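Visitor: Mind having a look at this structure? Questions to follow.
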Amino acid sequence: MSKHGRILVAMSGGIDSSLASVLLHEQGYEVIGMTMKTWDYAGSGGSKKETGCCSLDSINDARTVAVELGFPHYILDIRTEFGDYVIDHFTGEYLEGRTPNPCVLCNTHIKWDALLRRADRLDCEFIATGHYANMRQENDRFIVSKGVDTWKDQSYVLWGVSQESLSRTKLPLGHLRKTEIREMAKERGFMDLVNKSESYEICFVPDNDYRGFLKRRMPELESQVMGGNYVMQDGTVVGKHEGYPFYTIGQRKGLGIALGYPVFVTEIRKDTNEVVLGIDKDLERDGMYVSKLNLQKYARIEGPLETVTKVRYKHEGTPATIIQEGDDRIQVLFHDPVSAIAPGQAAVFYEGDDVVGGGWISKSFRQ
């Protein structure tokens with residue numbers, strides 16, 4: 001009999017999730033490893049060698065750890081549910097002129113649900129992942145907070161995990177730094193994991209060419225949207241672009257236009273197929289609306305709340321007052337301007353190290 005019960009660990013084949021399973025095994029949990037196959041790389045049409053969490057090498061790396069420690073390992077094929085939800089959302093958001101964040105969507109709506117369903121079938125009380133974040137229970141709420149390794153902190157991508165799911169989740173790496181994880185892997189003889197390069201790409205866009213992915217997925221798209229106007233802030237037409245879905249807020253490179261000074265995409269107008277350009281100052285906004293909320297620290301935000309709000313994963317965050325309007329919208333009033341707020345991205349609200357909650361950016365504005 002195990003000391004702590006049975007736990008299902010999501011294993012991508014990388015060093016973090018592998019060490020999460022090792023540590024839980026050493027703590028006395030009865031570990032079952034599971035690697036999720038989310039995407040068939042062979043069908044993506046990309047030009048690079050298969051890498052990342054869905055590759056055969058990664059599946060084998062996860063299984064090697066399980067075999068060495070003597071716990072079961074399974075492969076879970078969720079390509080259908082992943083494609084139907086995450087990839088359809090990804091393409092749909094670009095068609096709406098927004099910039100999606102598929103990794104957050106996958107974490108919160110696919111992986112957790114899929115893991116918990118299988119955990120029930122395997123009689124596992126808990127699931128675990130290798131995210132660098134902490135979690136605690138306080139006042140009947142399960143609260144995610146930042147990991148101690150500020151560079152690797154992944155609390156941003158966990159804002160959408162429900163209270164019910166968090167109640168059955170363990171995050172064993174939150175109190176550790178990446179350097180410590182590498183040392184632990186060395187001490188235990190997992191040198192292949194230590195030497196393995198990490199992938200930061202979207203798993204189904206492994207060459208980071210989202211334009212190419214959209215064109216392959218929708219062959220007719222390019223001809224439908226090509227030839228729209230580049231316009232400046234005052235409406236002046238300055239050139240033609242390749243189609244509004246192929247641009248993102250804040251983009252500077254790859255515009256194919258030279259005006260004699262640096263310009264950036266400041267707005268995408270789907271209805272008129274216009275891409276608005278401006279200088280870096282034109283990217284600044286000090287307010288936004290966030291919808292499709294998931295709150296963690298509080299069941300509801302009563303009155304104005306002072307937070308630090310992040311508008312993308314590597315954004316350090318900006319002090320802001322947030323005000324909940326109705327059940328599913330928050331108005332964010334930044335204390336200082338923020339550059340390149342992109343509708344479609346996730347906004348996450350922090351109180352100290354704690355995740356208050358988050359949602360999807362629907363619109364930015366100037367106060």
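Order determines the names: the first chain of the structure tokens is A, the second B, and so forth; residues in each chain are numbered 1 upward, and ligands are numbered 1 upward as they are shown.
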Give me, as a PyMOL selection string, all polymer residues having an atom no more than 12 Å from Val161 of chain A, counting only C-alpha atoms and skipping those fewer than 4 positions away in the same chain.

Guide: chain A and resi 104-113+116+135+142-144+155-157+165-169+293-297+355+357-359

Visitor: Select from segment 149-245 of chain A every residue with an atom at most 12 Å from any atom of segment 259-281 of chain A, then for each give the shortest pair of atoms and their distance in Å to one decimal, using only C-alpha atoms, rows by chain and rising number, as JSON lines.

Guide:
```
{"residue": "A:Gln224", "atom": "CA", "partner": "A:Asn273", "partner_atom": "CA", "distance": 10.1}
{"residue": "A:Val225", "atom": "CA", "partner": "A:Asn273", "partner_atom": "CA", "distance": 7.0}
{"residue": "A:Met226", "atom": "CA", "partner": "A:Asn273", "partner_atom": "CA", "distance": 8.7}
{"residue": "A:Gly227", "atom": "CA", "partner": "A:Asn273", "partner_atom": "CA", "distance": 8.5}
{"residue": "A:Gly228", "atom": "CA", "partner": "A:Asn273", "partner_atom": "CA", "distance": 5.3}
{"residue": "A:Asn229", "atom": "CA", "partner": "A:Glu274", "partner_atom": "CA", "distance": 5.1}
{"residue": "A:Tyr230", "atom": "CA", "partner": "A:Val275", "partner_atom": "CA", "distance": 5.0}
{"residue": "A:Val231", "atom": "CA", "partner": "A:Val276", "partner_atom": "CA", "distance": 4.9}
{"residue": "A:Met232", "atom": "CA", "partner": "A:Leu277", "partner_atom": "CA", "distance": 5.0}
{"residue": "A:Gln233", "atom": "CA", "partner": "A:Gly278", "partner_atom": "CA", "distance": 6.3}
{"residue": "A:Asp234", "atom": "CA", "partner": "A:Val276", "partner_atom": "CA", "distance": 9.4}
{"residue": "A:Gly235", "atom": "CA", "partner": "A:Val276", "partner_atom": "CA", "distance": 8.3}
{"residue": "A:Thr236", "atom": "CA", "partner": "A:Val276", "partner_atom": "CA", "distance": 9.6}
{"residue": "A:Val237", "atom": "CA", "partner": "A:Val276", "partner_atom": "CA", "distance": 9.3}
{"residue": "A:Val238", "atom": "CA", "partner": "A:Leu259", "partner_atom": "CA", "distance": 8.4}
{"residue": "A:Gly239", "atom": "CA", "partner": "A:Leu259", "partner_atom": "CA", "distance": 9.9}
{"residue": "A:Lys240", "atom": "CA", "partner": "A:Glu274", "partner_atom": "CA", "distance": 9.0}
{"residue": "A:His241", "atom": "CA", "partner": "A:Val275", "partner_atom": "CA", "distance": 7.6}
{"residue": "A:Glu242", "atom": "CA", "partner": "A:Asn273", "partner_atom": "CA", "distance": 9.8}
{"residue": "A:Gly243", "atom": "CA", "partner": "A:Asn273", "partner_atom": "CA", "distance": 6.7}
{"residue": "A:Tyr244", "atom": "CA", "partner": "A:Asn273", "partner_atom": "CA", "distance": 5.6}
{"residue": "A:Pro245", "atom": "CA", "partner": "A:Lys270", "partner_atom": "CA", "distance": 8.0}
```

Visitor: Would you mind listing what lies within 7 Å of Val31 of chain A as a ChimeraX atom specification, with only C-alpha atoms counted and same-chain residues fewer than 6 positions away left out?

Guide: /A:6-9,21,25,71

Visitor: Return the single residue from A:Asp16, A:Arg98, A:Trp151, A:Phe204 that is closest to Val86 of chain A, with distances computed using only C-alpha atoms.

Guide: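 Closest candidate: A:Phe204.
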
Visitor: At a cut-off of 10 Å, using only C-alpha atoms, what residues contact Gly83 of chain A? Leave out same-chain residues fewer than 4 positions from it and give the result as a ChimeraX atom specification.

Guide: /A:38-40,78-79,87-90,204

Visitor: Could the residues in this selection be written to a file with all heavy atoms, as a short mmCIF file (atom, residue, chain, number, x, y, z; two decimals), in the first residue's frame?

Guide:
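New file selection_9.cif:
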```cif
data_model
loop_
_atom_site.label_atom_id
_atom_site.label_comp_id
_atom_site.auth_asym_id
_atom_site.auth_seq_id
_atom_site.Cartn_x
_atom_site.Cartn_y
_atom_site.Cartn_z
N THR A 38 -1.67 14.93 -28.29
CA THR A 38 -2.64 15.96 -28.64
C THR A 38 -2.69 16.27 -30.12
O THR A 38 -3.69 16.80 -30.62
CB THR A 38 -2.31 17.28 -27.91
OG1 THR A 38 -0.98 17.68 -28.25
CG2 THR A 38 -2.43 17.11 -26.40
N TRP A 39 -1.62 15.92 -30.83
CA TRP A 39 -1.52 16.40 -32.21
C TRP A 39 -0.71 15.42 -33.04
O TRP A 39 0.30 14.89 -32.59
CB TRP A 39 -0.86 17.77 -32.24
CG TRP A 39 -0.64 18.32 -33.60
CD1 TRP A 39 0.57 18.54 -34.22
CD2 TRP A 39 -1.63 18.72 -34.55
NE1 TRP A 39 0.37 19.05 -35.47
CE2 TRP A 39 -0.96 19.19 -35.70
CE3 TRP A 39 -3.03 18.75 -34.53
CZ2 TRP A 39 -1.65 19.65 -36.82
CZ3 TRP A 39 -3.71 19.21 -35.64
CH2 TRP A 39 -3.01 19.65 -36.75
N ASP A 40 -1.14 15.18 -34.26
CA ASP A 40 -0.42 14.32 -35.19
C ASP A 40 0.48 15.20 -36.05
O ASP A 40 0.03 15.84 -36.99
CB ASP A 40 -1.42 13.56 -36.07
CG ASP A 40 -0.73 12.58 -37.01
OD1 ASP A 40 0.50 12.43 -36.89
OD2 ASP A 40 -1.42 11.99 -37.85
N ILE A 78 -5.79 12.13 -27.30
CA ILE A 78 -6.87 13.13 -27.23
C ILE A 78 -6.83 14.04 -28.45
O ILE A 78 -7.24 15.19 -28.41
CB ILE A 78 -6.78 13.96 -25.93
CG1 ILE A 78 -5.42 14.66 -25.81
CG2 ILE A 78 -7.06 13.11 -24.72
CD1 ILE A 78 -5.38 15.68 -24.67
N ARG A 79 -6.34 13.49 -29.57
CA ARG A 79 -6.21 14.32 -30.77
C ARG A 79 -7.56 14.86 -31.25
O ARG A 79 -7.65 16.00 -31.70
CB ARG A 79 -5.54 13.52 -31.90
CG ARG A 79 -4.04 13.34 -31.70
CD ARG A 79 -3.44 12.44 -32.75
NE ARG A 79 -3.90 11.06 -32.58
CZ ARG A 79 -3.54 10.06 -33.38
NH1 ARG A 79 -2.70 10.29 -34.39
NH2 ARG A 79 -3.97 8.83 -33.16
N ILE A 87 -7.67 23.70 -31.74
CA ILE A 87 -7.25 24.16 -33.07
C ILE A 87 -8.36 24.93 -33.77
O ILE A 87 -8.10 25.94 -34.43
CB ILE A 87 -6.76 22.96 -33.91
CG1 ILE A 87 -5.51 22.36 -33.26
CG2 ILE A 87 -6.45 23.39 -35.34
CD1 ILE A 87 -4.99 21.11 -33.91
N ASP A 88 -9.60 24.49 -33.60
CA ASP A 88 -10.70 25.27 -34.18
C ASP A 88 -10.77 26.66 -33.55
O ASP A 88 -11.03 27.65 -34.23
CB ASP A 88 -12.03 24.54 -33.97
CG ASP A 88 -12.17 23.32 -34.88
OD1 ASP A 88 -11.29 23.12 -35.74
OD2 ASP A 88 -13.14 22.56 -34.73
N HIS A 89 -10.54 26.75 -32.24
CA HIS A 89 -10.51 28.05 -31.57
C HIS A 89 -9.35 28.89 -32.08
O HIS A 89 -9.50 30.10 -32.32
CB HIS A 89 -10.39 27.85 -30.06
CG HIS A 89 -10.31 29.13 -29.27
ND1 HIS A 89 -9.12 29.76 -29.01
CD2 HIS A 89 -11.28 29.90 -28.71
CE1 HIS A 89 -9.35 30.86 -28.31
NE2 HIS A 89 -10.65 30.97 -28.11
N PHE A 90 -8.18 28.28 -32.25
CA PHE A 90 -6.97 28.97 -32.73
C PHE A 90 -7.22 29.62 -34.09
O PHE A 90 -6.97 30.81 -34.28
CB PHE A 90 -5.84 27.94 -32.82
CG PHE A 90 -4.52 28.49 -33.29
CD1 PHE A 90 -3.67 29.15 -32.43
CD2 PHE A 90 -4.10 28.29 -34.60
CE1 PHE A 90 -2.44 29.64 -32.85
CE2 PHE A 90 -2.88 28.78 -35.04
CZ PHE A 90 -2.05 29.44 -34.17
N PHE A 204 1.26 22.28 -32.20
CA PHE A 204 0.78 22.00 -33.56
C PHE A 204 1.29 23.02 -34.58
O PHE A 204 0.93 22.98 -35.75
CB PHE A 204 -0.75 21.92 -33.59
CG PHE A 204 -1.47 23.14 -33.09
CD1 PHE A 204 -1.81 24.17 -33.93
CD2 PHE A 204 -1.82 23.23 -31.75
CE1 PHE A 204 -2.48 25.28 -33.47
CE2 PHE A 204 -2.50 24.34 -31.27
CZ PHE A 204 -2.83 25.37 -32.13
#
```

Visitor: Between A:Glu183, A:Asp327, A:Asp123, A:Glu351, which is the closest to Ile32 of chain A once you count only C-alpha atoms?

Guide: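 Of all the options, A:Asp123 lies closest to Ile32 of chain A.
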
Visitor: Between A:Glu138, A:Glu93, A:Asp209, A:Asp153, single out the one closest to Asp353 of chain A, counting only C-alpha atoms.

Guide: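 Nearest candidate to Asp353 of chain A out of A:Glu138, A:Glu93, A:Asp209, A:Asp153: A:Asp153.
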
Visitor: Taking the chain letters and numbering used in this document, name the residues of segment 103-350 of chain A that DSSP puts in alpha helix (DSSP H), as a VMD selection string.

Guide: chain A and resid 103 to 106 112 to 121 163 to 166 178 to 187 191 to 195 210 to 217 221 to 225

Visitor: Hey, which of A:Val308, A:Ala347, A:Ala114, A:Ala320 ends up closest to Gly287 of chain A? Count only C-alpha atoms.

Guide: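 Nearest candidate to Gly287 of chain A out of A:Val308, A:Ala347, A:Ala114, A:Ala320: A:Ala320.
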
Visitor: Identify which of the residues A:Glu26, A:Asp192, A:Glu220, A:Glu302 lies closest to Gln324 of chain A, counting only C-alpha atoms when measuring atom-to-atom distances.

Guide: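 That would be A:Glu302, the residue with the smallest distance to Gln324 of chain A.
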
Visitor: Need the shell around segment 63-66 of chain A: protein/DNA/RNA residues with any atom at most 10 Å away, counting only C-alpha atoms. Skip same-chain ones fewer than 5 positions apart. Format as a PyMOL selection string?

Guide: chain A and resi 11-13+18-19+21-22+25+31-35+57-58+71-75+190+193

Visitor: What is the distance between atom CA of Gly344 of chain A and atom CA of Asn101 of chain A, in Å to one decimal?

Guide: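 One can read the atom CA of Gly344 of chain A to atom CA of Asn101 of chain A distance as 7.1 Å.
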
Visitor: Could you check the closest approach to Ala20 of chain A for each of A:Asp84, A:Pro102, A:His175, A:Ser162 and tell me which residue wins, using only C-alpha atoms?

Guide: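 Closest residue, counting only C-alpha atoms: A:His175.
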